[in-house]
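Text of target-v6.json (JSON, C-alpha atoms) as supplied:
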```json
[["chain", "number", "residue", "atom", "x", "y", "z"],
["D", 147, "MET", "CA", -29.56, 22.64, 29.82],
["D", 148, "THR", "CA", -27.50, 24.82, 27.46],
["D", 149, "ALA", "CA", -25.08, 25.56, 30.25],
["D", 150, "THR", "CA", -24.69, 21.84, 30.89],
["D", 151, "LEU", "CA", -24.04, 21.18, 27.19],
["D", 152, "ARG", "CA", -21.40, 23.92, 27.09],
["D", 153, "SER", "CA", -19.57, 22.80, 30.23],
["D", 154, "ALA", "CA", -16.03, 21.52, 29.74],
["D", 155, "GLU", "CA", -16.77, 18.42, 31.81],
["D", 156, "PHE", "CA", -19.74, 17.49, 29.61],
["D", 157, "GLN", "CA", -17.72, 18.03, 26.42],
["D", 158, "ARG", "CA", -14.91, 15.90, 27.83],
["D", 159, "LYS", "CA", -17.30, 13.08, 28.68],
["D", 160, "ALA", "CA", -18.92, 13.34, 25.25],
["D", 161, "GLY", "CA", -15.51, 13.08, 23.62],
["D", 162, "ILE", "CA", -14.64, 9.99, 25.64],
["D", 163, "ALA", "CA", -18.05, 8.42, 24.91],
["D", 164, "ALA", "CA", -17.57, 8.99, 21.17],
["D", 165, "GLY", "CA", -14.11, 7.46, 21.39],
["D", 166, "ILE", "CA", -15.38, 4.42, 23.25],
["D", 167, "ALA", "CA", -18.20, 3.97, 20.73],
["D", 168, "TRP", "CA", -15.66, 4.14, 17.91],
["D", 169, "LEU", "CA", -13.41, 1.62, 19.64],
["D", 170, "VAL", "CA", -16.32, -0.78, 20.22],
["D", 171, "SER", "CA", -17.30, -0.60, 16.56],
["D", 172, "MET", "CA", -13.68, -1.17, 15.48],
["D", 173, "ALA", "CA", -13.41, -4.12, 17.87],
["D", 174, "GLY", "CA", -16.52, -5.55, 16.23],
["D", 175, "LEU", "CA", -14.94, -5.14, 12.82],
["D", 176, "THR", "CA", -11.73, -6.80, 14.04],
["D", 177, "LEU", "CA", -13.72, -9.71, 15.42],
["D", 178, "ALA", "CA", -15.56, -10.03, 12.11],
["D", 179, "ALA", "CA", -12.24, -10.00, 10.24],
["D", 180, "CYS", "CA", -10.85, -12.67, 12.58],
["D", 181, "LEU", "CA", -13.88, -14.88, 12.14],
["D", 182, "SER", "CA", -13.85, -14.61, 8.38],
["D", 183, "GLY", "CA", -10.11, -14.75, 7.67],
["D", 184, "GLY", "CA", -8.41, -15.90, 10.83],
["D", 185, "CYS", "CA", -6.48, -13.68, 13.24],
["D", 186, "GLY", "CA", -3.15, -15.43, 13.00],
["D", 187, "ALA", "CA", -0.76, -15.01, 10.10],
["D", 188, "SER", "CA", -1.54, -17.52, 7.36],
["D", 189, "ALA", "CA", 1.12, -19.99, 6.18],
["D", 190, "LEU", "CA", 1.36, -18.00, 2.95],
["D", 191, "GLN", "CA", 1.99, -14.79, 4.90],
["D", 192, "VAL", "CA", 4.71, -16.47, 6.95],
["D", 193, "HIS", "CA", 6.46, -17.91, 3.88],
["D", 194, "ALA", "CA", 6.11, -14.63, 1.98],
["D", 195, "GLY", "CA", 7.65, -12.72, 4.88],
["D", 196, "VAL", "CA", 10.54, -15.16, 5.17],
["D", 197, "ALA", "CA", 11.10, -15.20, 1.38],
["D", 198, "ASP", "CA", 11.18, -11.40, 1.41],
["D", 199, "ILE", "CA", 13.79, -11.23, 4.18],
["D", 200, "ALA", "CA", 15.85, -13.94, 2.47],
["D", 201, "GLY", "CA", 15.63, -12.06, -0.85],
["D", 202, "GLN", "CA", 16.90, -8.85, 0.71],
["D", 203, "THR", "CA", 19.78, -10.63, 2.44],
["D", 204, "ILE", "CA", 20.85, -12.50, -0.70],
["D", 205, "THR", "CA", 20.72, -9.28, -2.72],
["D", 206, "ALA", "CA", 22.90, -7.52, -0.15],
["D", 207, "SER", "CA", 25.52, -10.27, -0.25],
["D", 208, "GLY", "CA", 25.44, -10.19, -4.07],
["D", 209, "GLU", "CA", 26.26, -6.47, -3.96],
["D", 210, "GLN", "CA", 29.20, -7.29, -1.72],
["D", 211, "LEU", "CA", 30.40, -9.87, -4.25],
["D", 212, "LEU", "CA", 30.12, -7.40, -7.13],
["D", 213, "GLU", "CA", 31.94, -4.64, -5.24],
["D", 214, "GLN", "CA", 34.85, -6.88, -4.31],
["D", 215, "ARG", "CA", 35.09, -8.33, -7.84],
["D", 216, "ALA", "CA", 35.15, -4.84, -9.35],
["D", 217, "ARG", "CA", 37.89, -3.79, -6.90],
["D", 218, "ASP", "CA", 40.01, -6.84, -7.71],
["D", 219, "LEU", "CA", 39.61, -6.36, -11.47],
["D", 220, "ARG", "CA", 40.67, -2.70, -11.17],
["D", 221, "ALA", "CA", 43.67, -3.65, -9.02],
["D", 222, "ALA", "CA", 44.71, -6.35, -11.54],
["D", 223, "VAL", "CA", 44.90, -3.69, -14.26],
["D", 224, "GLU", "CA", 46.35, -0.84, -12.19],
["D", 225, "GLU", "CA", 49.10, -2.95, -10.61],
["D", 226, "ALA", "CA", 50.17, -4.62, -13.85],
["D", 227, "PRO", "CA", 53.41, -3.36, -15.45],
["D", 228, "ALA", "CA", 52.45, -4.55, -18.94],
["D", 229, "ARG", "CA", 49.41, -5.44, -21.04],
["D", 230, "ASP", "CA", 50.08, -9.21, -20.90],
["D", 231, "VAL", "CA", 50.29, -9.13, -17.12],
["D", 232, "ALA", "CA", 47.08, -7.08, -16.91],
["D", 233, "LEU", "CA", 45.23, -9.50, -19.20],
["D", 234, "ALA", "CA", 46.45, -12.48, -17.19],
["D", 235, "GLY", "CA", 45.53, -10.73, -13.94],
["D", 236, "VAL", "CA", 41.99, -9.97, -15.13],
["D", 237, "GLU", "CA", 41.56, -13.55, -16.30],
["D", 238, "ALA", "CA", 42.79, -14.83, -12.94],
["D", 239, "VAL", "CA", 40.22, -12.66, -11.12],
["D", 240, "GLN", "CA", 37.44, -13.87, -13.42],
["D", 241, "THR", "CA", 38.43, -17.50, -12.81],
["D", 242, "ARG", "CA", 38.75, -16.99, -9.06],
["D", 243, "TYR", "CA", 35.28, -15.45, -8.83],
["D", 244, "ALA", "CA", 33.53, -17.87, -11.21],
["D", 245, "PRO", "CA", 32.54, -20.49, -8.56],
["D", 246, "ALA", "CA", 31.12, -17.78, -6.27],
["D", 247, "VAL", "CA", 29.20, -16.15, -9.12],
["D", 248, "ALA", "CA", 27.79, -19.56, -10.08],
["D", 249, "ALA", "CA", 26.87, -20.36, -6.47],
["D", 250, "TYR", "CA", 25.22, -16.97, -6.08],
["D", 251, "ASP", "CA", 23.25, -17.50, -9.29],
["D", 252, "ALA", "CA", 22.14, -20.96, -8.14],
["D", 253, "LEU", "CA", 20.93, -19.43, -4.88],
["D", 254, "ARG", "CA", 19.09, -16.70, -6.79],
["D", 255, "LEU", "CA", 17.34, -19.29, -8.97],
["D", 256, "THR", "CA", 16.42, -21.42, -5.96],
["D", 257, "HIS", "CA", 14.97, -18.38, -4.22],
["D", 258, "ASP", "CA", 13.12, -17.47, -7.40],
["D", 259, "ALA", "CA", 11.59, -20.96, -7.60],
["D", 260, "TYR", "CA", 10.46, -20.62, -3.97],
["D", 261, "VAL", "CA", 8.88, -17.21, -4.62],
["D", 262, "GLU", "CA", 7.32, -18.33, -7.88],
["D", 263, "THR", "CA", 5.62, -21.24, -6.11],
["D", 264, "LEU", "CA", 4.19, -18.82, -3.53],
["D", 265, "VAL", "CA", 2.97, -16.52, -6.31],
["D", 266, "LEU", "CA", 1.28, -19.41, -8.11],
["D", 267, "ALA", "CA", -0.25, -20.62, -4.85],
["D", 268, "ALA", "CA", -1.63, -17.13, -4.17],
["D", 269, "ALA", "CA", -3.12, -16.92, -7.65],
["D", 270, "GLY", "CA", -4.69, -20.36, -7.45],
["D", 271, "ASP", "CA", -5.71, -20.02, -3.82],
["D", 272, "LEU", "CA", -3.92, -23.29, -3.06],
["D", 273, "ASP", "CA", -1.79, -23.93, 0.01],
["D", 274, "ASP", "CA", 0.87, -26.61, -0.32],
["D", 275, "VAL", "CA", 2.87, -25.89, 2.80],
["D", 276, "ALA", "CA", 4.96, -29.08, 2.56],
["D", 277, "ARG", "CA", 6.15, -28.03, -0.92],
["D", 278, "TRP", "CA", 6.97, -24.50, 0.29],
["D", 279, "VAL", "CA", 9.03, -25.92, 3.15],
["D", 280, "ARG", "CA", 10.91, -28.21, 0.74],
["D", 281, "LEU", "CA", 11.72, -25.22, -1.47],
["D", 282, "ALA", "CA", 12.74, -23.15, 1.54],
["D", 283, "SER", "CA", 15.06, -26.01, 2.53],
["D", 284, "ARG", "CA", 16.62, -25.91, -0.93],
["D", 285, "VAL", "CA", 17.26, -22.22, -0.46],
["D", 286, "VAL", "CA", 19.09, -23.05, 2.79],
["D", 287, "ALA", "CA", 21.16, -25.73, 1.00],
["D", 288, "SER", "CA", 22.05, -23.35, -1.85],
["D", 289, "TRP", "CA", 22.89, -20.72, 0.71],
["D", 290, "ALA", "CA", 25.45, -23.08, 2.28],
["D", 291, "ALA", "CA", 27.16, -23.56, -1.10],
["D", 292, "TRP", "CA", 27.16, -19.79, -1.69],
["D", 293, "SER", "CA", 28.59, -19.17, 1.80],
["D", 294, "THR", "CA", 31.44, -21.61, 1.17],
["D", 295, "ALA", "CA", 32.27, -20.08, -2.21],
["D", 296, "GLY", "CA", 31.93, -16.50, -0.96],
["D", 297, "ARG", "CA", 33.99, -17.05, 2.18],
["D", 298, "ALA", "CA", 36.74, -18.66, 0.10],
["D", 299, "LEU", "CA", 37.10, -15.22, -1.50],
["D", 300, "GLY", "CA", 37.22, -13.51, 1.88],
["D", 301, "LEU", "CA", 33.65, -12.23, 1.68],
["D", 302, "ASP", "CA", 31.76, -11.85, 4.91],
["D", 303, "VAL", "CA", 28.72, -13.82, 3.70],
["D", 304, "ILE", "CA", 25.71, -13.36, 5.95],
["D", 305, "ASP", "CA", 24.12, -16.55, 7.29],
["D", 306, "PRO", "CA", 20.56, -17.41, 6.26],
["D", 307, "PRO", "CA", 18.00, -15.43, 8.28],
["D", 308, "ALA", "CA", 16.95, -17.13, 11.51],
["D", 309, "GLU", "CA", 13.33, -17.07, 10.32],
["D", 310, "LEU", "CA", 14.25, -19.22, 7.32],
["D", 311, "LEU", "CA", 16.16, -21.73, 9.44],
["D", 312, "VAL", "CA", 13.34, -21.95, 11.97],
["D", 313, "LEU", "CA", 10.78, -22.42, 9.21],
["D", 314, "THR", "CA", 12.70, -25.31, 7.67],
["D", 315, "SER", "CA", 13.80, -26.98, 10.92],
["D", 316, "ILE", "CA", 10.42, -26.91, 12.67],
["D", 317, "ALA", "CA", 8.65, -28.40, 9.70],
["D", 318, "GLY", "CA", 11.48, -30.88, 9.16],
["D", 319, "GLY", "CA", 11.79, -29.97, 5.51],
["D", 320, "ALA", "CA", 14.34, -31.97, 3.58],
["D", 321, "PRO", "CA", 16.13, -30.60, 0.54],
["E", 1214, "MET", "CA", 5.00, 3.64, 3.12],
["E", 1215, "THR", "CA", 1.97, 1.37, 3.13],
["E", 1216, "LEU", "CA", -1.38, 2.27, 4.71],
["E", 1217, "SER", "CA", -0.70, -0.19, 7.50],
["E", 1218, "GLU", "CA", 2.72, 1.34, 8.24],
["E", 1219, "SER", "CA", 1.28, 4.89, 8.16],
["E", 1220, "LEU", "CA", -1.45, 3.95, 10.62],
["E", 1221, "ALA", "CA", 1.08, 2.21, 12.87],
["E", 1222, "ALA", "CA", 3.21, 5.39, 12.82],
["E", 1223, "ILE", "CA", 0.19, 7.57, 13.69],
["E", 1224, "SER", "CA", -0.66, 5.19, 16.51],
["E", 1225, "SER", "CA", 2.88, 5.42, 17.85],
["E", 1226, "ILE", "CA", 2.93, 9.25, 17.65],
["E", 1227, "ALA", "CA", -0.42, 9.47, 19.40],
["E", 1228, "GLN", "CA", 0.84, 7.17, 22.15],
["E", 1229, "SER", "CA", 3.87, 9.40, 22.71],
["E", 1230, "ALA", "CA", 1.57, 12.44, 22.78],
["E", 1231, "SER", "CA", -0.71, 10.78, 25.32],
["E", 1232, "PHE", "CA", 2.29, 10.35, 27.62],
["E", 1233, "ALA", "CA", 3.55, 13.88, 27.06],
["E", 1234, "VAL", "CA", 0.42, 15.96, 27.60],
["E", 1235, "PRO", "CA", -1.15, 16.60, 31.03],
["E", 1236, "PRO", "CA", -4.40, 14.80, 31.96],
["E", 1237, "GLY", "CA", -7.44, 16.24, 30.21],
["E", 1238, "VAL", "CA", -9.22, 16.28, 26.88],
["E", 1239, "ALA", "CA", -5.98, 16.37, 24.86],
["E", 1240, "ARG", "CA", -4.65, 13.24, 26.56],
["E", 1241, "ASP", "CA", -7.96, 11.40, 26.12],
["E", 1242, "VAL", "CA", -8.05, 12.32, 22.44],
["E", 1243, "ALA", "CA", -4.44, 11.18, 21.96],
["E", 1244, "ALA", "CA", -5.19, 7.89, 23.73],
["E", 1245, "VAL", "CA", -8.25, 7.29, 21.56],
["E", 1246, "ILE", "CA", -6.29, 8.10, 18.37],
["E", 1247, "HIS", "CA", -3.51, 5.76, 19.51],
["E", 1248, "ALA", "CA", -5.93, 2.88, 20.03],
["E", 1249, "ALA", "CA", -7.96, 3.58, 16.89],
["E", 1250, "ALA", "CA", -4.94, 3.90, 14.62],
["E", 1251, "GLY", "CA", -3.47, 0.71, 16.10],
["E", 1252, "ILE", "CA", -6.64, -1.25, 15.37],
["E", 1253, "SER", "CA", -6.93, 0.27, 11.91],
["E", 1254, "ALA", "CA", -3.32, -0.67, 11.13],
["E", 1255, "ARG", "CA", -4.09, -4.26, 12.10],
["E", 1256, "LEU", "CA", -7.23, -4.25, 9.97],
["E", 1257, "ALA", "CA", -5.37, -2.78, 7.00],
["E", 1258, "GLN", "CA", -2.87, -5.63, 7.26],
["E", 1259, "GLN", "CA", -5.66, -8.19, 7.56],
["E", 1260, "GLY", "CA", -7.22, -6.76, 4.44],
["E", 1261, "ARG", "CA", -4.25, -7.57, 2.19],
["E", 1262, "THR", "CA", -5.13, -10.07, -0.46],
["E", 1263, "ARG", "CA", -3.03, -13.15, -1.12],
["E", 1264, "THR", "CA", -1.79, -11.58, -4.33],
["E", 1265, "GLN", "CA", -0.71, -8.41, -2.51],
["E", 1266, "ILE", "CA", 1.11, -10.53, 0.08],
["E", 1267, "VAL", "CA", 3.23, -12.35, -2.51],
["E", 1268, "GLU", "CA", 3.74, -9.28, -4.69],
["E", 1269, "ALA", "CA", 5.50, -7.64, -1.73],
["E", 1270, "ILE", "CA", 8.28, -10.28, -1.79],
["E", 1271, "ARG", "CA", 11.52, -8.76, -3.01],
["E", 1272, "ARG", "CA", 13.25, -10.88, -5.65],
["E", 1273, "VAL", "CA", 16.99, -11.37, -6.03],
["E", 1274, "PRO", "CA", 18.25, -9.54, -9.13],
["E", 1275, "ASP", "CA", 20.30, -11.31, -11.77],
["E", 1276, "ILE", "CA", 23.93, -10.13, -11.64],
["E", 1277, "GLU", "CA", 24.98, -11.60, -14.99],
["E", 1278, "GLU", "CA", 24.67, -8.26, -16.77],
["E", 1279, "ARG", "CA", 26.69, -6.43, -14.14],
["E", 1280, "ILE", "CA", 29.38, -9.10, -14.28],
["E", 1281, "ALA", "CA", 29.58, -8.55, -18.06],
["E", 1282, "GLU", "CA", 29.78, -4.77, -17.48],
["E", 1283, "GLN", "CA", 32.65, -5.29, -15.04],
["E", 1284, "ASP", "CA", 34.53, -7.40, -17.58],
["E", 1285, "ALA", "CA", 33.96, -4.77, -20.27],
["E", 1286, "GLU", "CA", 35.16, -2.06, -17.88],
["E", 1287, "ALA", "CA", 38.34, -4.06, -17.18],
["E", 1288, "ALA", "CA", 38.96, -4.32, -20.95],
["E", 1289, "ARG", "CA", 38.43, -0.54, -21.26],
["E", 1290, "LEU", "CA", 40.89, 0.12, -18.41],
["E", 1291, "ILE", "CA", 43.52, -2.07, -20.09],
["E", 1292, "ALA", "CA", 43.02, -0.20, -23.36],
["E", 1293, "ALA", "CA", 43.24, 3.17, -21.62],
["E", 1294, "ARG", "CA", 46.40, 2.21, -19.76],
["E", 1295, "PHE", "CA", 48.32, 0.24, -22.36],
["E", 1296, "GLY", "CA", 46.68, 1.39, -25.58],
["E", 1297, "GLU", "CA", 44.56, -0.59, -28.01],
["E", 1298, "GLU", "CA", 45.56, -4.18, -28.67],
["E", 1299, "PRO", "CA", 48.19, -4.33, -31.40]]
```

If you took the structure in this file and wrote it as structure tokens, what would it be?
Amino acid sequence: MTATLRSAEFQRKAGIAAGIAWLVSMAGLTLAACLSGGCGASALQVHAGVADIAGQTITASGEQLLEQRARDLRAAVEEAPARDVALAGVEAVQTRYAPAVAAYDALRLTHDAYVETLVLAAAGDLDDVARWVRLASRVVASWAAWSTAGRALGLDVIDPPAELLVLTSIAGGAP
Amino acid sequence: MTLSESLAAISSIAQSASFAVPPGVARDVAAVIHAAAGISARLAQQGRTRTQIVEAIRRVPDIEERIAEQDAEAARLIAARFGEEP
């Protein structure tokens, strides 16, 4: 009996049996989780994921805007032969970038409104998917205005993430 | 790194190990760890509350302050290059 218990084959089988038992219990837990909360991603999870990706992409393009603006301001001063020319050059850069800065800010606020609605929905345990899609559509519309303004400055503005476009087109959300 | 991501990484490492080692106890153990960590990762994700889901959304920062800093820096550069305004 002791010899059997000590054999490598027995220990191997015991290890596998313990593993299978563990897996069966975990599968049971998974099933319980699915039955209680649903296995698929909830609408809130989907919107939160898309809003997160959109937020990252917008932030990245904002950094690009800031870098290029800083470069242009520096060049306006460094290339100017006199104070008046430098002042005029800086003002010209500020004016040239103003529409893009405004468009970027509008996009930021639209994204913020979208996220804020999701946060409120999570707190109140309310799902208003139609409203989320409308807000997501507004983000897409603001993104278009930002793209136009950014590209006019020569910025390589990234398009809205495919997930965001799919989310708004499938649900037929109107701005 | 979140719990879910850590478990997913462990699952992935265990899967690689199960391919790398010869058949035997070590491979069986690696296979079991791979499966268990994979399921646990899924469960950890399922367990996130609605608040945790929305708190993970990254917001877009306001650039107004940095724009103002850039303008102030340009004014400083002008002063440094051409002297203070007469």

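Minimum distance to Leu1220 in chain E across E:Ala1249, E:Ala1233, E:Ile1270, E:Val1242 (counting all atoms listed in the file) occurs at E:Ala1249.
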
Please identify all polymer residues within 12 Å of Val1267 in chain E, counting all atoms listed in the file, omitting same-chain residues fewer than 4 positions from it, and present them as an MDAnalysis selection string. (chainID D and resid 189:198 260:269 271) or (chainID E and resid 1261:1263 1271:1272)

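These residues, each with an atom at most 12 Å from (21.0, -7.1, 0.3) using only C-alpha atoms, are Asp198, Ile199, Ala200, Gly201, Gln202, Thr203, Ile204, Thr205, Ala206, Ser207, Gly208, Glu209, Gln210, Leu211, Leu212, Val303, Ile304, Pro306 and Pro307 of chain D; Arg1271, Arg1272, Val1273 and Pro1274 of chain E.
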
Taking all atoms listed in the file into account, find every residue of chain E that has an atom no more than 9 Å from chain D, and write it out as JSON, numbers by chain. {"E": [1237, 1238, 1241, 1242, 1245, 1246, 1248, 1249, 1252, 1253, 1255, 1256, 1259, 1260, 1262, 1263, 1264, 1265, 1266, 1267, 1268, 1269, 1270, 1271, 1272, 1273, 1274, 1275, 1276, 1277, 1279, 1280, 1283, 1284, 1286, 1287, 1288, 1290, 1291, 1292, 1294, 1295, 1296, 1298]}

I'd like the contact shell of Ala1230 in chain E - 8 Å cut-off, all atoms listed in the file, skipping same-chain residues fewer than 4 positions apart - returned as a PDB file with C-alpha atoms, in the frame of the given file.
```pdb
ATOM      1  CA  ILE E1226       2.930   9.250  17.650  1.00  0.00           C
ATOM      2  CA  VAL E1234       0.420  15.960  27.600  1.00  0.00           C
ATOM      3  CA  ARG E1240      -4.650  13.240  26.560  1.00  0.00           C
ATOM      4  CA  ALA E1243      -4.440  11.180  21.960  1.00  0.00           C
TER       5      ALA E1243
END
```

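In this structure, CA of Ala290 in chain D sits 24.0 Å away from CA of Asp218 in chain D.
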
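We find CA of Ala246 in chain D and CA of Arg277 in chain D to be spaced 27.5 Å apart.
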
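Closest to Arg242 in chain D among D:Trp289, D:Gln214, D:Arg280, D:Ser315 is D:Gln214, based on all atoms listed in the file.
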
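Residue nearest Ala259 in chain D, chosen from D:Ala308, D:Trp278, D:Leu299, D:Ala287 and counting only C-alpha atoms: D:Trp278.
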